[in-house]
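Source file: query-v1.pdb; contents: PDB, C-alpha atoms.
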ATOM      1  CA  MET A   1     103.254 122.551  66.731  1.00  0.00           C
ATOM      2  CA  SER A   2     104.550 124.799  63.973  1.00  0.00           C
ATOM      3  CA  PRO A   3     105.488 128.445  64.560  1.00  0.00           C
ATOM      4  CA  ILE A   4     102.755 130.988  64.032  1.00  0.00           C
ATOM      5  CA  LEU A   5     104.905 133.276  61.901  1.00  0.00           C
ATOM      6  CA  VAL A   6     107.231 132.992  58.940  1.00  0.00           C
ATOM      7  CA  ARG A   7     110.617 134.561  59.634  1.00  0.00           C
ATOM      8  CA  PRO A   8     112.577 136.395  56.962  1.00  0.00           C
ATOM      9  CA  VAL A   9     115.083 134.111  55.254  1.00  0.00           C
ATOM     10  CA  ARG A  10     118.138 135.704  56.827  1.00  0.00           C
ATOM     11  CA  GLU A  11     116.601 135.594  60.305  1.00  0.00           C
ATOM     12  CA  GLN A  12     115.525 131.985  59.819  1.00  0.00           C
ATOM     13  CA  LEU A  13     119.042 130.970  58.781  1.00  0.00           C
ATOM     14  CA  GLU A  14     120.470 132.622  61.910  1.00  0.00           C
ATOM     15  CA  HIS A  15     117.830 130.895  64.033  1.00  0.00           C
ATOM     16  CA  ASP A  16     118.674 127.462  62.625  1.00  0.00           C
ATOM     17  CA  ARG A  17     122.395 128.070  63.027  1.00  0.00           C
ATOM     18  CA  LEU A  18     121.856 128.750  66.734  1.00  0.00           C
ATOM     19  CA  ILE A  19     119.878 125.521  67.040  1.00  0.00           C
ATOM     20  CA  ARG A  20     122.739 123.498  65.562  1.00  0.00           C
ATOM     21  CA  LEU A  21     125.323 125.204  67.780  1.00  0.00           C
ATOM     22  CA  LEU A  22     123.351 124.493  70.935  1.00  0.00           C
ATOM     23  CA  HIS A  23     122.622 120.976  69.761  1.00  0.00           C
ATOM     24  CA  GLY A  24     126.348 120.252  69.575  1.00  0.00           C
ATOM     25  CA  LYS A  25     126.815 121.767  73.034  1.00  0.00           C
ATOM     26  CA  PHE A  26     124.012 119.805  74.720  1.00  0.00           C
ATOM     27  CA  ARG A  27     125.022 116.503  73.132  1.00  0.00           C
ATOM     28  CA  ARG A  28     127.868 116.288  75.636  1.00  0.00           C
ATOM     29  CA  LYS A  29     125.399 115.883  78.486  1.00  0.00           C
ATOM     30  CA  TYR A  30     122.066 114.826  77.002  1.00  0.00           C
ATOM     31  CA  GLU A  31     120.583 112.816  74.226  1.00  0.00           C
ATOM     32  CA  ALA A  32     119.634 115.819  72.134  1.00  0.00           C
ATOM     33  CA  GLY A  33     117.188 116.080  69.244  1.00  0.00           C
ATOM     34  CA  MET A  34     116.659 119.194  67.136  1.00  0.00           C
ATOM     35  CA  ASN A  35     113.954 120.576  64.870  1.00  0.00           C
ATOM     36  CA  PRO A  36     115.476 123.329  62.717  1.00  0.00           C
ATOM     37  CA  GLY A  37     113.242 125.095  60.219  1.00  0.00           C
ATOM     38  CA  ALA A  38     110.152 123.070  59.368  1.00  0.00           C
ATOM     39  CA  GLU A  39     111.771 119.729  60.300  1.00  0.00           C
ATOM     40  CA  GLN A  40     110.048 117.470  62.791  1.00  0.00           C
ATOM     41  CA  ASN A  41     112.771 115.113  63.956  1.00  0.00           C
ATOM     42  CA  ALA A  42     112.260 115.033  67.730  1.00  0.00           C
ATOM     43  CA  ALA A  43     108.741 115.087  69.125  1.00  0.00           C
ATOM     44  CA  VAL A  44     107.421 115.498  72.618  1.00  0.00           C
ATOM     45  CA  GLY A  45     104.222 113.506  72.885  1.00  0.00           C
ATOM     46  CA  ASN A  46     102.336 111.583  70.238  1.00  0.00           C
ATOM     47  CA  GLY A  47      99.623 112.153  67.704  1.00  0.00           C
ATOM     48  CA  PRO A  48      98.167 115.498  66.694  1.00  0.00           C
ATOM     49  CA  SER A  49      99.042 117.029  70.075  1.00  0.00           C
ATOM     50  CA  ALA A  50     102.780 116.335  69.679  1.00  0.00           C
ATOM     51  CA  LEU A  51     105.100 119.305  70.216  1.00  0.00           C
ATOM     52  CA  TYR A  52     108.282 120.092  68.267  1.00  0.00           C
ATOM     53  CA  PRO A  53     110.413 122.594  70.193  1.00  0.00           C
ATOM     54  CA  ASP A  54     113.741 123.662  68.727  1.00  0.00           C
ATOM     55  CA  LEU A  55     115.677 121.279  71.001  1.00  0.00           C
ATOM     56  CA  VAL A  56     114.548 118.230  72.959  1.00  0.00           C
ATOM     57  CA  LEU A  57     116.924 117.108  75.705  1.00  0.00           C
ATOM     58  CA  SER A  58     116.551 113.631  77.226  1.00  0.00           C
ATOM     59  CA  SER A  59     118.608 111.659  79.709  1.00  0.00           C
ATOM     60  CA  PRO A  60     121.282 109.469  78.105  1.00  0.00           C
ATOM     61  CA  ASP A  61     120.306 106.383  80.096  1.00  0.00           C
ATOM     62  CA  ARG A  62     118.059 103.617  78.862  1.00  0.00           C
ATOM     63  CA  GLY A  63     114.895 105.350  80.037  1.00  0.00           C
ATOM     64  CA  HIS A  64     115.490 108.488  77.872  1.00  0.00           C
ATOM     65  CA  ARG A  65     113.462 110.588  80.272  1.00  0.00           C
ATOM     66  CA  LEU A  66     112.675 114.086  79.037  1.00  0.00           C
ATOM     67  CA  GLN A  67     114.826 116.631  80.898  1.00  0.00           C
ATOM     68  CA  ALA A  68     114.310 119.954  79.118  1.00  0.00           C
ATOM     69  CA  VAL A  69     112.971 121.626  76.005  1.00  0.00           C
ATOM     70  CA  VAL A  70     114.659 124.642  74.422  1.00  0.00           C
ATOM     71  CA  GLU A  71     113.034 127.326  72.303  1.00  0.00           C
ATOM     72  CA  ILE A  72     115.092 129.930  70.454  1.00  0.00           C
ATOM     73  CA  GLU A  73     113.371 133.132  69.451  1.00  0.00           C
ATOM     74  CA  THR A  74     114.426 135.952  67.185  1.00  0.00           C
ATOM     75  CA  GLY A  75     113.504 139.611  67.472  1.00  0.00           C
ATOM     76  CA  GLU A  76     110.259 139.186  65.527  1.00  0.00           C
ATOM     77  CA  SER A  77     109.043 136.119  67.445  1.00  0.00           C
ATOM     78  CA  VAL A  78     109.173 137.525  70.984  1.00  0.00           C
ATOM     79  CA  ASN A  79     105.528 138.575  71.146  1.00  0.00           C
ATOM     80  CA  HIS A  80     102.252 137.792  72.874  1.00  0.00           C
ATOM     81  CA  LEU A  81     100.916 135.418  70.221  1.00  0.00           C
ATOM     82  CA  GLU A  82     104.095 133.336  70.179  1.00  0.00           C
ATOM     83  CA  ALA A  83     104.089 133.148  73.971  1.00  0.00           C
ATOM     84  CA  LEU A  84     100.576 131.763  74.111  1.00  0.00           C
ATOM     85  CA  ALA A  85     100.944 129.486  71.074  1.00  0.00           C
ATOM     86  CA  GLN A  86     104.241 127.852  72.095  1.00  0.00           C
ATOM     87  CA  TRP A  87     105.777 128.954  75.388  1.00  0.00           C
ATOM     88  CA  ALA A  88     102.656 128.184  77.405  1.00  0.00           C
ATOM     89  CA  HIS A  89     102.568 124.608  76.046  1.00  0.00           C
ATOM     90  CA  TYR A  90     106.262 123.991  76.667  1.00  0.00           C
ATOM     91  CA  ALA A  91     105.953 125.298  80.222  1.00  0.00           C
ATOM     92  CA  ARG A  92     103.283 122.690  81.029  1.00  0.00           C
ATOM     93  CA  LEU A  93     105.528 119.770  80.145  1.00  0.00           C
ATOM     94  CA  ARG A  94     107.107 117.602  82.838  1.00  0.00           C
ATOM     95  CA  ALA A  95     110.499 119.082  81.991  1.00  0.00           C
ATOM     96  CA  ALA A  96     112.395 122.359  82.307  1.00  0.00           C
ATOM     97  CA  PHE A  97     111.612 125.006  79.708  1.00  0.00           C
ATOM     98  CA  HIS A  98     114.627 127.065  78.533  1.00  0.00           C
ATOM     99  CA  LEU A  99     114.059 130.169  76.456  1.00  0.00           C
ATOM    100  CA  TYR A 100     116.728 131.895  74.329  1.00  0.00           C
ATOM    101  CA  VAL A 101     116.025 135.446  73.126  1.00  0.00           C
ATOM    102  CA  PRO A 102     118.094 138.278  71.630  1.00  0.00           C
ATOM    103  CA  ALA A 103     119.838 140.456  74.233  1.00  0.00           C
ATOM    104  CA  GLY A 104     117.565 143.410  73.449  1.00  0.00           C
ATOM    105  CA  MET A 105     114.372 141.377  74.059  1.00  0.00           C
ATOM    106  CA  VAL A 106     115.066 140.013  77.552  1.00  0.00           C
ATOM    107  CA  ASP A 107     112.761 142.423  79.374  1.00  0.00           C
ATOM    108  CA  VAL A 108     109.973 141.806  76.862  1.00  0.00           C
ATOM    109  CA  ALA A 109     110.308 138.033  77.286  1.00  0.00           C
ATOM    110  CA  ARG A 110     110.212 138.328  81.070  1.00  0.00           C
ATOM    111  CA  ARG A 111     107.107 140.488  80.989  1.00  0.00           C
ATOM    112  CA  LEU A 112     105.329 138.133  78.587  1.00  0.00           C
ATOM    113  CA  ALA A 113     106.098 135.148  80.819  1.00  0.00           C
ATOM    114  CA  GLU A 114     104.904 136.933  83.969  1.00  0.00           C
ATOM    115  CA  ASP A 115     101.747 138.387  82.426  1.00  0.00           C
ATOM    116  CA  ASN A 116     100.688 135.023  81.006  1.00  0.00           C
ATOM    117  CA  HIS A 117     101.787 132.931  84.031  1.00  0.00           C
ATOM    118  CA  ILE A 118     104.278 130.950  81.972  1.00  0.00           C
ATOM    119  CA  HIS A 119     106.831 129.086  84.064  1.00  0.00           C
ATOM    120  CA  VAL A 120     110.246 129.463  82.397  1.00  0.00           C
ATOM    121  CA  ALA A 121     113.079 127.624  84.143  1.00  0.00           C
ATOM    122  CA  GLU A 122     115.850 129.602  82.422  1.00  0.00           C
ATOM    123  CA  ILE A 123     116.022 132.620  80.125  1.00  0.00           C
ATOM    124  CA  TRP A 124     119.205 133.086  78.115  1.00  0.00           C
ATOM    125  CA  SER A 125     120.176 136.076  76.049  1.00  0.00           C
ATOM    126  CA  TYR A 126     122.371 135.857  72.984  1.00  0.00           C
ATOM    127  CA  HIS A 127     124.185 138.264  70.731  1.00  0.00           C
ATOM    128  CA  VAL A 128     126.568 137.673  67.872  1.00  0.00           C
ATOM    129  CA  VAL A 129     130.124 139.011  67.965  1.00  0.00           C
ATOM    130  CA  GLY A 130     131.495 138.658  64.445  1.00  0.00           C
ATOM    131  CA  ASP A 131     130.331 135.175  63.520  1.00  0.00           C
ATOM    132  CA  GLU A 132     130.428 133.817  67.069  1.00  0.00           C
ATOM    133  CA  PRO A 133     127.224 133.901  69.171  1.00  0.00           C
ATOM    134  CA  ARG A 134     127.570 134.559  72.910  1.00  0.00           C
ATOM    135  CA  PHE A 135     125.040 133.177  75.376  1.00  0.00           C
ATOM    136  CA  THR A 136     124.361 134.615  78.824  1.00  0.00           C
ATOM    137  CA  LEU A 137     122.056 133.278  81.542  1.00  0.00           C
ATOM    138  CA  VAL A 138     119.878 136.213  82.640  1.00  0.00           C
ATOM    139  CA  HIS A 139     117.105 134.520  84.601  1.00  0.00           C
ATOM    140  CA  ARG A 140     116.752 131.271  86.510  1.00  0.00           C
ATOM    141  CA  ASN A 141     113.531 130.331  88.215  1.00  0.00           C
ATOM    142  CA  LYS A 142     114.301 128.492  91.449  1.00  0.00           C
ATOM    143  CA  GLU A 143     110.707 127.437  91.929  1.00  0.00           C
ATOM    144  CA  VAL A 144     109.813 124.007  90.655  1.00  0.00           C
ATOM    145  CA  GLN A 145     106.934 123.694  88.250  1.00  0.00           C
ATOM    146  CA  PRO A 146     104.163 121.863  90.145  1.00  0.00           C
ATOM    147  CA  PRO A 147     103.502 118.444  88.554  1.00  0.00           C
ATOM    148  CA  LEU A 148     100.254 117.895  86.752  1.00  0.00           C
ATOM    149  CA  PRO A 149      97.788 115.724  88.669  1.00  0.00           C
ATOM    150  CA  ARG A 150      97.877 112.124  87.559  1.00  0.00           C
ATOM    151  CA  PRO A 151      94.597 110.317  86.993  1.00  0.00           C
ATOM    152  CA  ARG A 152      93.956 107.706  89.595  1.00  0.00           C
ATOM    153  CA  PRO A 153      93.962 104.154  88.233  1.00  0.00           C
ATOM    154  CA  ALA A 154      90.572 102.496  88.153  1.00  0.00           C
ATOM    155  CA  VAL A 155      90.226  99.881  90.844  1.00  0.00           C
ATOM    156  CA  ALA A 156      88.816  96.600  89.581  1.00  0.00           C
ATOM    157  CA  ALA A 157      85.633  95.644  91.366  1.00  0.00           C
ATOM    158  CA  GLY A 158      86.323  92.558  93.434  1.00  0.00           C
ATOM    159  CA  PRO A 159      84.043  90.323  95.465  1.00  0.00           C
ATOM    160  CA  PRO A 160      82.240  92.095  98.278  1.00  0.00           C
ATOM    161  CA  PRO A 161      84.053  91.858 101.587  1.00  0.00           C
ATOM    162  CA  ARG A 162      82.912  89.116 103.910  1.00  0.00           C
ATOM    163  CA  PRO A 163      80.954  90.279 106.919  1.00  0.00           C
ATOM    164  CA  ALA A 164      82.938  90.177 110.075  1.00  0.00           C
ATOM    165  CA  ALA A 165      82.237  87.197 112.296  1.00  0.00           C
ATOM    166  CA  PRO A 166      80.072  88.162 115.245  1.00  0.00           C
ATOM    167  CA  THR A 167      82.006  88.335 118.419  1.00  0.00           C
ATOM    168  CA  ARG A 168      80.798  86.053 121.191  1.00  0.00           C
ATOM    169  CA  LYS A 169      79.484  87.948 124.117  1.00  0.00           C
ATOM    170  CA  HIS A 170      80.575  86.824 127.520  1.00  0.00           C
ATOM    171  CA  ILE A 171      77.523  85.258 129.186  1.00  0.00           C
ATOM    172  CA  PRO A 172      77.993  84.789 132.895  1.00  0.00           C
ATOM    173  CA  ALA A 173      77.426  81.246 134.094  1.00  0.00           C
ATOM    174  CA  ARG A 174      74.123  80.732 135.817  1.00  0.00           C
ATOM    175  CA  ALA A 175      74.415  80.079 139.511  1.00  0.00           C
ATOM    176  CA  LYS A 176      73.226  76.583 140.473  1.00  0.00           C
ATOM    177  CA  PRO A 177      70.316  76.588 142.886  1.00  0.00           C
ATOM    178  CA  ALA A 178      71.354  75.814 146.386  1.00  0.00           C
ATOM    179  CA  ARG A 179      70.491  72.298 147.463  1.00  0.00           C
ATOM    180  CA  THR A 180      67.778  72.144 150.036  1.00  0.00           C
ATOM    181  CA  VAL A 181      68.945  70.495 153.160  1.00  0.00           C
ATOM    182  CA  LYS A 182      66.581  67.748 154.161  1.00  0.00           C
ATOM    183  CA  SER A 183      65.155  68.372 157.499  1.00  0.00           C
ATOM    184  CA  ALA A 184      66.212  65.865 160.064  1.00  0.00           C
ATOM    185  CA  LYS A 185      63.621  63.207 160.899  1.00  0.00           C
ATOM    186  CA  THR A 186      61.824  63.775 164.070  1.00  0.00           C
ATOM    187  CA  ALA A 187      63.527  61.634 166.628  1.00  0.00           C
ATOM    188  CA  ARG A 188      61.259  59.011 168.101  1.00  0.00           C
ATOM    189  CA  PRO A 189      61.077  59.015 171.847  1.00  0.00           C
ATOM    190  CA  VAL A 190      63.320  56.361 173.303  1.00  0.00           C
ATOM    191  CA  ARG A 191      61.410  53.998 175.411  1.00  0.00           C
ATOM    192  CA  SER A 192      63.176  53.065 178.496  1.00  0.00           C
ATOM    193  CA  LYS A 193      63.839  49.359 179.203  1.00  0.00           C
ATOM    194  CA  THR A 194      62.174  49.691 182.605  1.00  0.00           C
ATOM    195  CA  SER A 195      58.835  50.558 181.094  1.00  0.00           C
ATOM    196  CA  LYS A 196      59.078  47.566 178.746  1.00  0.00           C
ATOM    197  CA  LEU A 197      59.732  45.190 181.605  1.00  0.00           C
ATOM    198  CA  ARG A 198      56.762  46.546 183.506  1.00  0.00           C
ATOM    199  CA  LYS A 199      54.451  45.876 180.574  1.00  0.00           C
ATOM    200  CA  VAL A 200      55.723  42.352 180.104  1.00  0.00           C
ATOM    201  CA  THR A 201      55.309  41.602 183.839  1.00  0.00           C
ATOM    202  CA  ALA A 202      51.808  43.009 183.831  1.00  0.00           C
ATOM    203  CA  LYS A 203      50.763  40.763 180.946  1.00  0.00           C
ATOM    204  CA  ARG A 204      52.089  37.657 182.673  1.00  0.00           C
ATOM    205  CA  ASN A 205      50.272  38.412 185.907  1.00  0.00           C
ATOM    206  CA  ALA A 206      47.077  38.962 183.936  1.00  0.00           C
ATOM    207  CA  LYS A 207      47.311  35.506 182.390  1.00  0.00           C
ATOM    208  CA  ARG A 208      47.605  33.871 185.731  1.00  0.00           C
TER     209      ARG A 208
END
Since I need it in another form, could you write the structure as structure tokens?
Amino acid sequence: MSPILVRPVREQLEHDRLIRLLHGKFRRKYEAGMNPGAEQNAAVGNGPSALYPDLVLSSPDRGHRLQAVVEIETGESVNHLEALAQWAHYARLRAAFHLYVPAGMVDVARRLAEDNHIHVAEIWSYHVVGDEPRFTLVHRNKEVQPPLPRPRPAVAAGPPPRPAAPTRKHIPARAKPARTVKSAKTARPVRSKTSKLRKVTAKRNAKR
């Protein structure tokens, strides 16, 4: 994203000189890329939506994770249009946004950030003494920028889940029918031996 205004030549030269000074300073801690003037050396993002802040600071490890972006403004560029066109985009990145403004424009920069809900991690003021610029930290936002919501990955449709096996219900065992007890046979009357002898004797006497 290119700036929305064209600075006077002298102001642009001072702006680019500050970029190179800070680039040399940040190189001690970060892997630093810079975009002075109209150069587009270090991008944040890809394609037509790529951003080109003045300084891009990444971690020096193999992952090169973006740590911070730095934007340096001059007296003419601290305004409402610049805040919406650039600051608002830098503040939405997953990295700290550091803003450098002239010492006399600190209050204006703060008000622009607050009015437009732009999260600035640090605001630095600068002024030049002779040929040497001096930088002063004037504002540090302790609140962390809330991360942007990540889209949920699409879940591949798999086979439908198997129905759960029916649980066997406990069926009580049927009680066996009670066996019927056979009734005892009616006892035959016991014939006495005496009666038998009488019958036999009577038959013999009859035959005689």
I would like the residues chosen by the PyMOL selection byres ((chain A and resi 101) around 7) on the shown file; could you give them as a PDB file with C-alpha atoms, keeping the file's coordinate frame?
ATOM      1  CA  ILE A  72     115.092 129.930  70.454  1.00  0.00           C
ATOM      2  CA  GLU A  73     113.371 133.132  69.451  1.00  0.00           C
ATOM      3  CA  THR A  74     114.426 135.952  67.185  1.00  0.00           C
ATOM      4  CA  LEU A  99     114.059 130.169  76.456  1.00  0.00           C
ATOM      5  CA  TYR A 100     116.728 131.895  74.329  1.00  0.00           C
ATOM      6  CA  PRO A 102     118.094 138.278  71.630  1.00  0.00           C
ATOM      7  CA  ALA A 103     119.838 140.456  74.233  1.00  0.00           C
ATOM      8  CA  MET A 105     114.372 141.377  74.059  1.00  0.00           C
ATOM      9  CA  VAL A 106     115.066 140.013  77.552  1.00  0.00           C
ATOM     10  CA  TRP A 124     119.205 133.086  78.115  1.00  0.00           C
ATOM     11  CA  SER A 125     120.176 136.076  76.049  1.00  0.00           C
ATOM     12  CA  TYR A 126     122.371 135.857  72.984  1.00  0.00           C
TER      13      TYR A 126
END
Would you kindly return, as an MDAnalysis selection string, each protein, DNA or RNA residue with an atom no farther than 12 Å from any atom of stretch 116-123 of chain A, considering all atoms listed in the file and excluding same-chain residues fewer than 6 positions away? chainID A and resid 67:73 79:103 105:110 135:146
Could you state which residues are captured by the PyMOL selection byres ((chain A and resi 55) around 9) in this file, as a PDB file with C-alpha atoms, in the coordinates of the input?
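Generated file (selection-v8.pdb):
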ATOM      1  CA  ILE A  19     119.878 125.521  67.040  1.00  0.00           C
ATOM      2  CA  LEU A  22     123.351 124.493  70.935  1.00  0.00           C
ATOM      3  CA  HIS A  23     122.622 120.976  69.761  1.00  0.00           C
ATOM      4  CA  ALA A  32     119.634 115.819  72.134  1.00  0.00           C
ATOM      5  CA  GLY A  33     117.188 116.080  69.244  1.00  0.00           C
ATOM      6  CA  MET A  34     116.659 119.194  67.136  1.00  0.00           C
ATOM      7  CA  ASN A  35     113.954 120.576  64.870  1.00  0.00           C
ATOM      8  CA  PRO A  36     115.476 123.329  62.717  1.00  0.00           C
ATOM      9  CA  ALA A  42     112.260 115.033  67.730  1.00  0.00           C
ATOM     10  CA  TYR A  52     108.282 120.092  68.267  1.00  0.00           C
ATOM     11  CA  PRO A  53     110.413 122.594  70.193  1.00  0.00           C
ATOM     12  CA  ASP A  54     113.741 123.662  68.727  1.00  0.00           C
ATOM     13  CA  VAL A  56     114.548 118.230  72.959  1.00  0.00           C
ATOM     14  CA  LEU A  57     116.924 117.108  75.705  1.00  0.00           C
ATOM     15  CA  ALA A  68     114.310 119.954  79.118  1.00  0.00           C
ATOM     16  CA  VAL A  69     112.971 121.626  76.005  1.00  0.00           C
ATOM     17  CA  VAL A  70     114.659 124.642  74.422  1.00  0.00           C
ATOM     18  CA  GLU A  71     113.034 127.326  72.303  1.00  0.00           C
ATOM     19  CA  ILE A  72     115.092 129.930  70.454  1.00  0.00           C
TER      20      ILE A  72
END
Could you give me the axis-aligned bounding box of stretch 120-130 of chain A, with 8 Å of padding per side, as centre plus edge lengths in Å to one decimal, as AutoDock Vina command-line options?
--center_x 120.9 --center_y 133.3 --center_z 74.3 --size_x 37.2 --size_y 27.4 --size_z 35.7
Nearest residue to A:Arg27 from the set A:Arg65, A:Ala113, A:Ala202, A:Pro60 (distances using all atoms listed in the file):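 Of all the options, A:Pro60 lies closest to A:Arg27.
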